[in-house]
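One structure is given below, encoded as structure tokens.
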Amino acid sequence: MLRSITGKPGPSGFGSASTAEQVTHGIDGSNLTAIVTGGASGIGLETARVLAMRNVHVIIAARNMEAANEAKQRIVKDNKAARVDVEKLDLSSIRSVKAFADNFKALNIPLNILINNAGIMFCPFQLSEDGIELQFATNHLGHFYLTNLLLDNMKETAKSSGIEGRIVNLSSVAHICPYKGGIRFHKINHKSSYQNKLAYGQSKLANILHANELSRHLQEEGANITVNSVHPGLIMTSLMRHSALLMRIFRAFTCFLWKNVPQGAATTSYVALHPSLKGVTGKYYFDCNEHKPTKQARDEALAKNLWDFSNNLVNASLKT
């Protein structure tokens with residue numbers, strides 16, 4: 001906590017005050033291709049901008065194509081050499097995720113980095129078009145399915161290029177506050193007991209569990225791909241639109257803990273690009289340094305149950 005307040009660097013040499021540009025300084029990603037979900041705004045846009053600055057070919061995956069194209073124009077305006085493309089992706093829709101993956105595969109290009117950044121926060125109870133509670137559907141299930149669909153491409157890229165693939169799941173410190181038991185497998189769509197903040201915590205816990213379980217699968221296969229999760233920090237972005245007043249009041253009393261957008265994108269960019277993390281997988285990062293998440297987040301049995309539960313939800317959605 002003290003390091004977060006003071007900005008003092010941790011063992012990595014970076015800390016809460018570090019920016020995405022600083023943690024990627026000197027890195028050349030000209031031989032890399034990355035997908036950034038939710039890359040049209042907030043820390044997703046800053047991540048996409050900085051990766052493009054480091055010569056990475058960036059695909060912004062976003063629900064709002066107008067915002068995505070505006071984001072692309074902003075990046076290219078400041079960096080004429082930037083390689084940025086946009087593709088439509090609605091993570092709350094299993095069919096949209098499938099369509100995005102099909103469109104990407106049709107491009108016949110490599111994929112080195114997948115940044116599962118997009119998300120929603122504290123929204124009122126809603127069901128996705130597939131009949132799944134919206135925060136769980138968007139923050140976890142859509143990314144779970146997207147990652148599975150793109151894995152073969154990432155494996156082939158890593159094998160043919162010899163370059164390690166990296167998957168980064170954006171979680172949150174909110175993973176410490178899910179529903180009792182962590183994941184409500186039998187009440188995932190239970191409206192009367194829905195609490196928006198606990199539902200958000202549940203989805204962020206799922207992001208870490210997913211990363212850890214996928215990391216175990218890939219290690220068993222011997223695939224040259226790492227999977228890690230990150231907490232970007234507290235940043236006032238459009239993600240907080242459902243609780244803007246509450247967040248402003250909270251920020252007034254905790255102003256020393258909040259980051260700006262360039263700082264908020266730092267941990268994601270660090271984990272995605274920094275050479276010091278070569279071979280590091282199944283870890284959780286905050287302020288560009290490794291931290292230990294909650295006991296629930298490290299529960300292998302819970303992670304396995306979530307994996308099977310998520311596969312079943314995806315398969316059921318594809319049949320409807």
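Each chain of the structure tokens is named A, B, ... in the order shown, its residues numbered from 1; ligands are numbered from 1 in display order.
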Give me, as CSV, the closest atom pair and its distance (Å, one decimal) for every residue of range 283-308 of chain A within a cut-off of 12 Å of range 190-201 of chain A, counting only C-alpha atoms, rows sorted by chain and rising number.
residue,atom,partner,partner_atom,distance
A:Thr294,CA,A:Gly201,CA,11.9
A:Gln296,CA,A:Gly201,CA,11.8
A:Ala297,CA,A:Gly201,CA,11.2
Would you export the selected residues with all heavy atoms as a JSON list (two decimals), in the first residue's frame, please?
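And here is the file that came out, selection-v9.json:
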[["chain", "number", "residue", "atom", "x", "y", "z"],
["A", 294, "THR", "N", -5.93, -13.22, -3.79],
["A", 294, "THR", "CA", -6.59, -13.88, -2.68],
["A", 294, "THR", "C", -6.46, -15.41, -2.76],
["A", 294, "THR", "O", -6.12, -15.96, -3.81],
["A", 294, "THR", "CB", -8.09, -13.54, -2.64],
["A", 294, "THR", "OG1", -8.71, -14.03, -3.85],
["A", 294, "THR", "CG2", -8.30, -12.04, -2.51],
["A", 296, "GLN", "N", -8.87, -17.49, -2.73],
["A", 296, "GLN", "CA", -9.85, -17.96, -3.70],
["A", 296, "GLN", "C", -9.29, -17.89, -5.12],
["A", 296, "GLN", "O", -9.51, -18.79, -5.93],
["A", 296, "GLN", "CB", -11.14, -17.12, -3.63],
["A", 296, "GLN", "CG", -12.14, -17.61, -2.62],
["A", 296, "GLN", "CD", -13.44, -16.85, -2.71],
["A", 296, "GLN", "OE1", -13.46, -15.68, -3.09],
["A", 296, "GLN", "NE2", -14.54, -17.49, -2.35],
["A", 297, "ALA", "N", -8.58, -16.83, -5.42],
["A", 297, "ALA", "CA", -8.02, -16.65, -6.76],
["A", 297, "ALA", "C", -6.94, -17.69, -7.07],
["A", 297, "ALA", "O", -6.63, -17.93, -8.24],
["A", 297, "ALA", "CB", -7.45, -15.25, -6.91]]
**OP:** Give me the residues within 12 Å of Leu151 in chain A as a PyMOL selection string, counting only C-alpha atoms and dropping any in the same chain fewer than 3 places off.
**Re:** chain A and resi 101+105+110-114+143-148+154-158+165-167+214-215+217-218+223-227
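Straight-line separation from CA of Ile132 in chain A to CA of Ala61 in chain A: 21.4 Å.
Distances from A:Val23, A:Ile115, A:Ile43, A:Ile60 to Pro232 in chain A were compared using only C-alpha atoms, and the smallest one belongs to A:Ile43.
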Write out as an mmCIF file with all heavy atoms, in the first residue's frame the residues lying within 12 Å of Gly182 in chain A, counting only C-alpha atoms and excluding same-chain residues fewer than 6 positions away.
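Just written: out-v9.cif:
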data_model
loop_
_atom_site.group_PDB
_atom_site.id
_atom_site.type_symbol
_atom_site.label_atom_id
_atom_site.label_comp_id
_atom_site.auth_asym_id
_atom_site.auth_seq_id
_atom_site.Cartn_x
_atom_site.Cartn_y
_atom_site.Cartn_z
ATOM 1 N N ALA A 174 -10.813 -5.655 -7.086
ATOM 2 C CA ALA A 174 -12.189 -6.009 -6.725
ATOM 3 C C ALA A 174 -12.391 -7.514 -6.657
ATOM 4 O O ALA A 174 -13.428 -7.973 -6.156
ATOM 5 C CB ALA A 174 -13.176 -5.395 -7.717
ATOM 6 N N HIS A 175 -11.415 -8.296 -7.119
ATOM 7 C CA HIS A 175 -11.560 -9.754 -7.027
ATOM 8 C C HIS A 175 -11.608 -10.225 -5.571
ATOM 9 O O HIS A 175 -12.016 -11.358 -5.297
ATOM 10 C CB HIS A 175 -10.424 -10.465 -7.774
ATOM 11 C CG HIS A 175 -9.148 -10.575 -7.006
ATOM 12 N ND1 HIS A 175 -8.176 -9.581 -6.983
ATOM 13 C CD2 HIS A 175 -8.646 -11.567 -6.203
ATOM 14 C CE1 HIS A 175 -7.171 -9.955 -6.233
ATOM 15 N NE2 HIS A 175 -7.415 -11.163 -5.745
ATOM 16 N N ILE A 176 -11.211 -9.341 -4.644
ATOM 17 C CA ILE A 176 -11.266 -9.705 -3.227
ATOM 18 C C ILE A 176 -12.686 -9.668 -2.684
ATOM 19 O O ILE A 176 -12.940 -10.159 -1.584
ATOM 20 C CB ILE A 176 -10.369 -8.782 -2.364
ATOM 21 C CG1 ILE A 176 -10.933 -7.360 -2.311
ATOM 22 C CG2 ILE A 176 -8.941 -8.782 -2.884
ATOM 23 C CD1 ILE A 176 -10.181 -6.428 -1.385
ATOM 24 N N ILE A 188 -25.905 -18.012 -11.200
ATOM 25 C CA ILE A 188 -25.218 -17.015 -12.012
ATOM 26 C C ILE A 188 -26.180 -15.963 -12.539
ATOM 27 O O ILE A 188 -25.804 -14.798 -12.737
ATOM 28 C CB ILE A 188 -24.433 -17.687 -13.167
ATOM 29 C CG1 ILE A 188 -23.287 -16.777 -13.636
ATOM 30 C CG2 ILE A 188 -25.322 -18.097 -14.317
ATOM 31 C CD1 ILE A 188 -22.162 -16.629 -12.685
ATOM 32 N N LEU A 198 -20.743 -7.022 -6.040
ATOM 33 C CA LEU A 198 -20.298 -8.399 -5.841
ATOM 34 C C LEU A 198 -20.223 -9.138 -7.175
ATOM 35 O O LEU A 198 -19.327 -9.978 -7.376
ATOM 36 C CB LEU A 198 -21.238 -9.129 -4.882
ATOM 37 C CG LEU A 198 -21.301 -8.597 -3.446
ATOM 38 C CD1 LEU A 198 -22.248 -9.448 -2.602
ATOM 39 C CD2 LEU A 198 -19.911 -8.566 -2.812
ATOM 40 N N ALA A 199 -21.146 -8.817 -8.079
ATOM 41 C CA ALA A 199 -21.125 -9.437 -9.406
ATOM 42 C C ALA A 199 -19.876 -9.015 -10.181
ATOM 43 O O ALA A 199 -19.269 -9.815 -10.901
ATOM 44 C CB ALA A 199 -22.383 -9.054 -10.184
ATOM 45 N N TYR A 200 -19.490 -7.760 -10.012
ATOM 46 C CA TYR A 200 -18.255 -7.289 -10.645
ATOM 47 C C TYR A 200 -17.047 -8.019 -10.039
ATOM 48 O O TYR A 200 -16.166 -8.496 -10.765
ATOM 49 C CB TYR A 200 -18.099 -5.786 -10.461
ATOM 50 C CG TYR A 200 -16.838 -5.223 -11.088
ATOM 51 C CD1 TYR A 200 -16.705 -5.152 -12.473
ATOM 52 C CD2 TYR A 200 -15.782 -4.761 -10.299
ATOM 53 C CE1 TYR A 200 -15.539 -4.649 -13.050
ATOM 54 C CE2 TYR A 200 -14.627 -4.250 -10.860
ATOM 55 C CZ TYR A 200 -14.510 -4.197 -12.244
ATOM 56 O OH TYR A 200 -13.364 -3.686 -12.818
ATOM 57 N N GLY A 201 -17.018 -8.126 -8.712
ATOM 58 C CA GLY A 201 -15.937 -8.853 -8.043
ATOM 59 C C GLY A 201 -15.854 -10.294 -8.498
ATOM 60 O O GLY A 201 -14.764 -10.842 -8.684
ATOM 61 N N GLN A 202 -17.025 -10.913 -8.688
ATOM 62 C CA GLN A 202 -17.074 -12.285 -9.185
ATOM 63 C C GLN A 202 -16.426 -12.386 -10.568
ATOM 64 O O GLN A 202 -15.620 -13.293 -10.834
ATOM 65 C CB GLN A 202 -18.530 -12.737 -9.273
ATOM 66 C CG GLN A 202 -18.737 -14.073 -9.959
ATOM 67 C CD GLN A 202 -20.213 -14.449 -10.050
ATOM 68 O OE1 GLN A 202 -20.665 -15.408 -9.436
ATOM 69 N NE2 GLN A 202 -20.979 -13.683 -10.813
ATOM 70 N N SER A 203 -16.749 -11.444 -11.443
ATOM 71 C CA SER A 203 -16.207 -11.493 -12.800
ATOM 72 C C SER A 203 -14.693 -11.249 -12.812
ATOM 73 O O SER A 203 -13.968 -11.835 -13.623
ATOM 74 C CB SER A 203 -16.916 -10.468 -13.692
ATOM 75 O OG SER A 203 -16.561 -9.133 -13.352
ATOM 76 N N LYS A 204 -14.219 -10.399 -11.904
ATOM 77 C CA LYS A 204 -12.783 -10.126 -11.836
ATOM 78 C C LYS A 204 -12.017 -11.290 -11.199
ATOM 79 O O LYS A 204 -10.874 -11.557 -11.568
ATOM 80 C CB LYS A 204 -12.533 -8.835 -11.071
ATOM 81 C CG LYS A 204 -13.082 -7.583 -11.748
ATOM 82 C CD LYS A 204 -12.340 -7.249 -13.037
ATOM 83 C CE LYS A 204 -12.991 -7.669 -14.302
ATOM 84 N NZ LYS A 204 -12.230 -7.290 -15.515
ATOM 85 N N LEU A 205 -12.646 -11.981 -10.264
ATOM 86 C CA LEU A 205 -12.073 -13.214 -9.723
ATOM 87 C C LEU A 205 -11.976 -14.253 -10.841
ATOM 88 O O LEU A 205 -10.971 -14.957 -10.972
ATOM 89 C CB LEU A 205 -12.937 -13.741 -8.582
ATOM 90 C CG LEU A 205 -12.584 -15.135 -8.047
ATOM 91 C CD1 LEU A 205 -11.180 -15.157 -7.456
ATOM 92 C CD2 LEU A 205 -13.615 -15.575 -6.991
ATOM 93 N N ALA A 206 -13.017 -14.311 -11.665
ATOM 94 C CA ALA A 206 -13.026 -15.259 -12.783
ATOM 95 C C ALA A 206 -11.878 -14.990 -13.748
ATOM 96 O O ALA A 206 -11.294 -15.927 -14.310
ATOM 97 C CB ALA A 206 -14.365 -15.191 -13.517
ATOM 98 N N ASN A 207 -11.523 -13.724 -13.960
ATOM 99 C CA ASN A 207 -10.405 -13.399 -14.852
ATOM 100 C C ASN A 207 -9.100 -14.016 -14.368
ATOM 101 O O ASN A 207 -8.306 -14.524 -15.170
ATOM 102 C CB ASN A 207 -10.227 -11.877 -14.956
ATOM 103 C CG ASN A 207 -11.369 -11.173 -15.647
ATOM 104 O OD1 ASN A 207 -11.696 -10.028 -15.310
ATOM 105 N ND2 ASN A 207 -12.000 -11.823 -16.610
ATOM 106 N N ILE A 208 -8.858 -13.964 -13.063
ATOM 107 C CA ILE A 208 -7.623 -14.545 -12.522
ATOM 108 C C ILE A 208 -7.672 -16.064 -12.583
ATOM 109 O O ILE A 208 -6.692 -16.717 -12.980
ATOM 110 C CB ILE A 208 -7.391 -14.080 -11.072
ATOM 111 C CG1 ILE A 208 -7.281 -12.557 -10.995
ATOM 112 C CG2 ILE A 208 -6.110 -14.723 -10.504
ATOM 113 C CD1 ILE A 208 -7.138 -12.014 -9.582
ATOM 114 N N LEU A 209 -8.787 -16.636 -12.191
ATOM 115 C CA LEU A 209 -8.935 -18.092 -12.224
ATOM 116 C C LEU A 209 -8.750 -18.617 -13.647
ATOM 117 O O LEU A 209 -8.100 -19.654 -13.864
ATOM 118 C CB LEU A 209 -10.312 -18.492 -11.678
ATOM 119 C CG LEU A 209 -10.550 -18.240 -10.190
ATOM 120 C CD1 LEU A 209 -12.024 -18.430 -9.848
ATOM 121 C CD2 LEU A 209 -9.689 -19.172 -9.328
ATOM 122 N N THR A 294 -5.935 -13.216 -3.794
ATOM 123 C CA THR A 294 -6.593 -13.883 -2.676
ATOM 124 C C THR A 294 -6.458 -15.407 -2.761
ATOM 125 O O THR A 294 -6.121 -15.959 -3.812
ATOM 126 C CB THR A 294 -8.091 -13.540 -2.645
ATOM 127 O OG1 THR A 294 -8.707 -14.032 -3.854
ATOM 128 C CG2 THR A 294 -8.302 -12.039 -2.506
ATOM 129 N N LYS A 295 -6.736 -16.051 -1.643
ATOM 130 C CA LYS A 295 -6.703 -17.516 -1.599
ATOM 131 C C LYS A 295 -7.686 -18.110 -2.602
ATOM 132 O O LYS A 295 -7.388 -19.111 -3.260
ATOM 133 C CB LYS A 295 -7.035 -17.992 -0.179
ATOM 134 C CG LYS A 295 -6.877 -19.493 0.019
ATOM 135 C CD LYS A 295 -7.133 -19.870 1.473
ATOM 136 C CE LYS A 295 -6.988 -21.382 1.670
ATOM 137 N NZ LYS A 295 -7.223 -21.772 3.090
ATOM 138 N N GLN A 296 -8.872 -17.487 -2.728
ATOM 139 C CA GLN A 296 -9.851 -17.963 -3.704
ATOM 140 C C GLN A 296 -9.293 -17.892 -5.120
ATOM 141 O O GLN A 296 -9.509 -18.794 -5.930
ATOM 142 C CB GLN A 296 -11.135 -17.122 -3.634
ATOM 143 C CG GLN A 296 -12.141 -17.610 -2.615
ATOM 144 C CD GLN A 296 -13.443 -16.846 -2.707
ATOM 145 O OE1 GLN A 296 -13.464 -15.680 -3.085
ATOM 146 N NE2 GLN A 296 -14.536 -17.486 -2.352
ATOM 147 N N ALA A 297 -8.578 -16.830 -5.424
ATOM 148 C CA ALA A 297 -8.023 -16.650 -6.763
ATOM 149 C C ALA A 297 -6.945 -17.692 -7.072
ATOM 150 O O ALA A 297 -6.629 -17.933 -8.239
ATOM 151 C CB ALA A 297 -7.451 -15.248 -6.913
ATOM 152 N N ARG A 298 -6.386 -18.292 -6.032
ATOM 153 C CA ARG A 298 -5.338 -19.314 -6.207
ATOM 154 C C ARG A 298 -5.885 -20.723 -6.010
ATOM 155 O O ARG A 298 -5.122 -21.685 -5.949
ATOM 156 C CB ARG A 298 -4.208 -19.047 -5.213
ATOM 157 C CG ARG A 298 -3.438 -17.764 -5.508
ATOM 158 C CD ARG A 298 -2.361 -17.469 -4.467
ATOM 159 N NE ARG A 298 -2.902 -16.869 -3.247
ATOM 160 C CZ ARG A 298 -2.818 -17.392 -2.037
ATOM 161 N NH1 ARG A 298 -2.217 -18.572 -1.868
ATOM 162 N NH2 ARG A 298 -3.316 -16.769 -0.998
ATOM 163 N N ASP A 299 -7.207 -20.859 -5.936
ATOM 164 C CA ASP A 299 -7.860 -22.146 -5.689
ATOM 165 C C ASP A 299 -7.943 -22.935 -7.002
ATOM 166 O O ASP A 299 -8.745 -22.611 -7.884
ATOM 167 C CB ASP A 299 -9.259 -21.896 -5.105
ATOM 168 C CG ASP A 299 -9.956 -23.172 -4.667
ATOM 169 O OD1 ASP A 299 -9.713 -24.239 -5.275
ATOM 170 O OD2 ASP A 299 -10.765 -23.102 -3.725
ATOM 171 N N ALA A 301 -9.041 -25.960 -7.621
ATOM 172 C CA ALA A 301 -10.314 -26.674 -7.807
ATOM 173 C C ALA A 301 -11.381 -25.712 -8.310
ATOM 174 O O ALA A 301 -12.170 -26.050 -9.209
ATOM 175 C CB ALA A 301 -10.757 -27.316 -6.490
ATOM 176 N N LEU A 302 -11.409 -24.507 -7.751
ATOM 177 C CA LEU A 302 -12.375 -23.500 -8.196
ATOM 178 C C LEU A 302 -12.102 -23.115 -9.647
ATOM 179 O O LEU A 302 -13.036 -22.936 -10.445
ATOM 180 C CB LEU A 302 -12.292 -22.266 -7.289
ATOM 181 C CG LEU A 302 -13.304 -21.144 -7.548
ATOM 182 C CD1 LEU A 302 -14.729 -21.645 -7.357
ATOM 183 C CD2 LEU A 302 -13.032 -19.952 -6.617
ATOM 184 N N ALA A 303 -10.838 -22.999 -9.996
ATOM 185 C CA ALA A 303 -10.467 -22.654 -11.376
ATOM 186 C C ALA A 303 -10.904 -23.742 -12.352
ATOM 187 O O ALA A 303 -11.417 -23.446 -13.440
ATOM 188 C CB ALA A 303 -8.964 -22.420 -11.470
ATOM 189 N N ASN A 305 -13.366 -25.891 -11.898
ATOM 190 C CA ASN A 305 -14.835 -25.850 -11.973
ATOM 191 C C ASN A 305 -15.309 -24.721 -12.873
ATOM 192 O O ASN A 305 -16.259 -24.878 -13.652
ATOM 193 C CB ASN A 305 -15.432 -25.683 -10.573
ATOM 194 C CG ASN A 305 -15.311 -26.932 -9.732
ATOM 195 O OD1 ASN A 305 -15.144 -28.034 -10.260
ATOM 196 N ND2 ASN A 305 -15.380 -26.787 -8.417
ATOM 197 N N LEU A 306 -14.650 -23.568 -12.767
ATOM 198 C CA LEU A 306 -15.016 -22.424 -13.610
ATOM 199 C C LEU A 306 -14.749 -22.742 -15.072
ATOM 200 O O LEU A 306 -15.536 -22.380 -15.955
ATOM 201 C CB LEU A 306 -14.231 -21.184 -13.183
ATOM 202 C CG LEU A 306 -14.451 -19.942 -14.052
ATOM 203 C CD1 LEU A 306 -15.895 -19.459 -13.958
ATOM 204 C CD2 LEU A 306 -13.481 -18.823 -13.655
#
Fewer than 5 positions away in the same chain doesn't count, so skip those; otherwise give me all residues within 9 Å of Lys72 in chain A, counting only C-alpha atoms, as an mmCIF file with all heavy atoms, in the first residue's frame.
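Final output, selection.cif:
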data_model
loop_
_atom_site.group_PDB
_atom_site.id
_atom_site.type_symbol
_atom_site.label_atom_id
_atom_site.label_comp_id
_atom_site.auth_asym_id
_atom_site.auth_seq_id
_atom_site.Cartn_x
_atom_site.Cartn_y
_atom_site.Cartn_z
ATOM 1 N N ALA A 40 -10.723 1.027 -27.693
ATOM 2 C CA ALA A 40 -11.209 2.283 -28.258
ATOM 3 C C ALA A 40 -11.241 3.423 -27.255
ATOM 4 O O ALA A 40 -11.437 4.575 -27.635
ATOM 5 C CB ALA A 40 -12.608 2.084 -28.851
ATOM 6 N N LEU A 45 -7.254 2.096 -24.912
ATOM 7 C CA LEU A 45 -6.743 2.980 -25.962
ATOM 8 C C LEU A 45 -5.287 3.346 -25.701
ATOM 9 O O LEU A 45 -4.455 3.328 -26.618
ATOM 10 C CB LEU A 45 -7.601 4.244 -26.039
ATOM 11 C CG LEU A 45 -7.090 5.375 -26.934
ATOM 12 C CD1 LEU A 45 -6.821 4.897 -28.353
ATOM 13 C CD2 LEU A 45 -8.084 6.537 -26.942
ATOM 14 N N ARG A 49 -2.184 2.537 -28.052
ATOM 15 C CA ARG A 49 -1.319 3.628 -28.531
ATOM 16 C C ARG A 49 0.156 3.333 -28.240
ATOM 17 O O ARG A 49 1.018 3.505 -29.118
ATOM 18 C CB ARG A 49 -1.731 4.944 -27.867
ATOM 19 C CG ARG A 49 -0.943 6.155 -28.358
ATOM 20 C CD ARG A 49 -1.228 7.394 -27.529
ATOM 21 N NE ARG A 49 -0.593 7.330 -26.211
ATOM 22 C CZ ARG A 49 0.679 7.640 -25.983
ATOM 23 N NH1 ARG A 49 1.482 8.001 -26.979
ATOM 24 N NH2 ARG A 49 1.179 7.571 -24.755
ATOM 25 N N ILE A 60 -7.445 -3.248 -32.712
ATOM 26 C CA ILE A 60 -8.385 -2.789 -31.690
ATOM 27 C C ILE A 60 -9.699 -3.525 -31.905
ATOM 28 O O ILE A 60 -10.325 -3.421 -32.964
ATOM 29 C CB ILE A 60 -8.603 -1.270 -31.785
ATOM 30 C CG1 ILE A 60 -7.327 -0.521 -31.403
ATOM 31 C CG2 ILE A 60 -9.766 -0.839 -30.903
ATOM 32 C CD1 ILE A 60 -7.429 0.995 -31.577
ATOM 33 N N ALA A 67 -16.221 4.667 -32.355
ATOM 34 C CA ALA A 67 -15.193 5.007 -31.364
ATOM 35 C C ALA A 67 -13.867 4.340 -31.706
ATOM 36 O O ALA A 67 -12.795 4.937 -31.525
ATOM 37 C CB ALA A 67 -15.655 4.581 -29.970
ATOM 38 N N LYS A 77 -2.602 9.790 -36.151
ATOM 39 C CA LYS A 77 -2.317 11.224 -36.273
ATOM 40 C C LYS A 77 -1.005 11.586 -35.580
ATOM 41 O O LYS A 77 -0.218 12.392 -36.091
ATOM 42 C CB LYS A 77 -3.466 12.035 -35.663
ATOM 43 C CG LYS A 77 -3.275 13.539 -35.778
ATOM 44 C CD LYS A 77 -4.435 14.288 -35.145
ATOM 45 C CE LYS A 77 -4.232 15.800 -35.230
ATOM 46 N NZ LYS A 77 -5.345 16.550 -34.586
ATOM 47 N N VAL A 84 -2.297 0.038 -37.168
ATOM 48 C CA VAL A 84 -3.484 -0.161 -36.341
ATOM 49 C C VAL A 84 -4.665 -0.542 -37.226
ATOM 50 O O VAL A 84 -4.947 0.124 -38.234
ATOM 51 C CB VAL A 84 -3.847 1.120 -35.553
ATOM 52 C CG1 VAL A 84 -5.062 0.865 -34.658
ATOM 53 C CG2 VAL A 84 -2.667 1.600 -34.714
ATOM 54 N N ASP A 85 -5.354 -1.605 -36.854
ATOM 55 C CA ASP A 85 -6.586 -2.005 -37.528
ATOM 56 C C ASP A 85 -7.689 -2.131 -36.490
ATOM 57 O O ASP A 85 -7.419 -2.251 -35.289
ATOM 58 C CB ASP A 85 -6.396 -3.339 -38.256
ATOM 59 C CG ASP A 85 -5.447 -3.211 -39.437
ATOM 60 O OD1 ASP A 85 -5.740 -2.398 -40.329
ATOM 61 O OD2 ASP A 85 -4.418 -3.925 -39.462
ATOM 62 N N VAL A 86 -8.918 -2.093 -36.946
ATOM 63 C CA VAL A 86 -10.059 -2.214 -36.034
ATOM 64 C C VAL A 86 -10.983 -3.327 -36.518
ATOM 65 O O VAL A 86 -11.147 -3.543 -37.715
ATOM 66 C CB VAL A 86 -10.841 -0.885 -35.917
ATOM 67 C CG1 VAL A 86 -9.956 0.211 -35.360
ATOM 68 C CG2 VAL A 86 -11.424 -0.459 -37.255
#
**OP:** State, in Å with one decimal place, the distance from CA of Ala71 in chain A to CA of Leu51 in chain A.
**Re:**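 Between CA of Ala71 in chain A and CA of Leu51 in chain A the gap is 13.5 Å.
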**OP:** Counting only C-alpha atoms, figure out which residue out of A:Pro275, A:Gly282, A:Pro178, A:Gly142 gets nearest to Ser229 in chain A.
**Re:**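 Looking at the shortest contact to Ser229 in chain A, the residue is A:Gly282.
When DSSP reads the backbone of this structure, the residues of range 122-196 of chain A it assigns to alpha helix (DSSP H) are Leu134, Gln135, Phe136, Gly142, His143, Phe144, Tyr145, Leu146, Thr147, Asn148, Leu149, Leu150, Leu151, Asp152, Asn153, Met154, Lys155, Glu156, Thr157, Ala158, Lys159, Ser160, Ser161 and Asn196 of chain A.
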**OP:** For each of A:Ile94, A:Leu89, A:Leu277, A:Ala265, take the minimum atom-to-atom distance to Glu46 in chain A, counting only C-alpha atoms, then give the residue where this is smallest.
**Re:** A:Ala265
**OP:** Write out as a ChimeraX atom specification each polymer residue whose atoms come within 6 Å of range 123-128 of chain A, counting only C-alpha atoms; drop sequence neighbours fewer than 3 positions from it.
**Re:** /A:92,131-134,242
Let me see the file: selected residues, C-alpha atoms, as a PDB file, in the first residue's frame.
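Heads up, here's the output in result_27.pdb:
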ATOM      1  CA  SER A  92     -21.436 -10.020 -24.320  1.00  0.00           C
ATOM      2  CA  GLY A 131     -29.262 -15.179 -21.278  1.00  0.00           C
ATOM      3  CA  ILE A 132     -26.213 -14.753 -19.022  1.00  0.00           C
ATOM      4  CA  GLU A 133     -25.727 -12.084 -16.334  1.00  0.00           C
ATOM      5  CA  LEU A 134     -24.112  -9.229 -18.212  1.00  0.00           C
ATOM      6  CA  HIS A 242     -22.811   3.289 -13.749  1.00  0.00           C
TER       7      HIS A 242
END
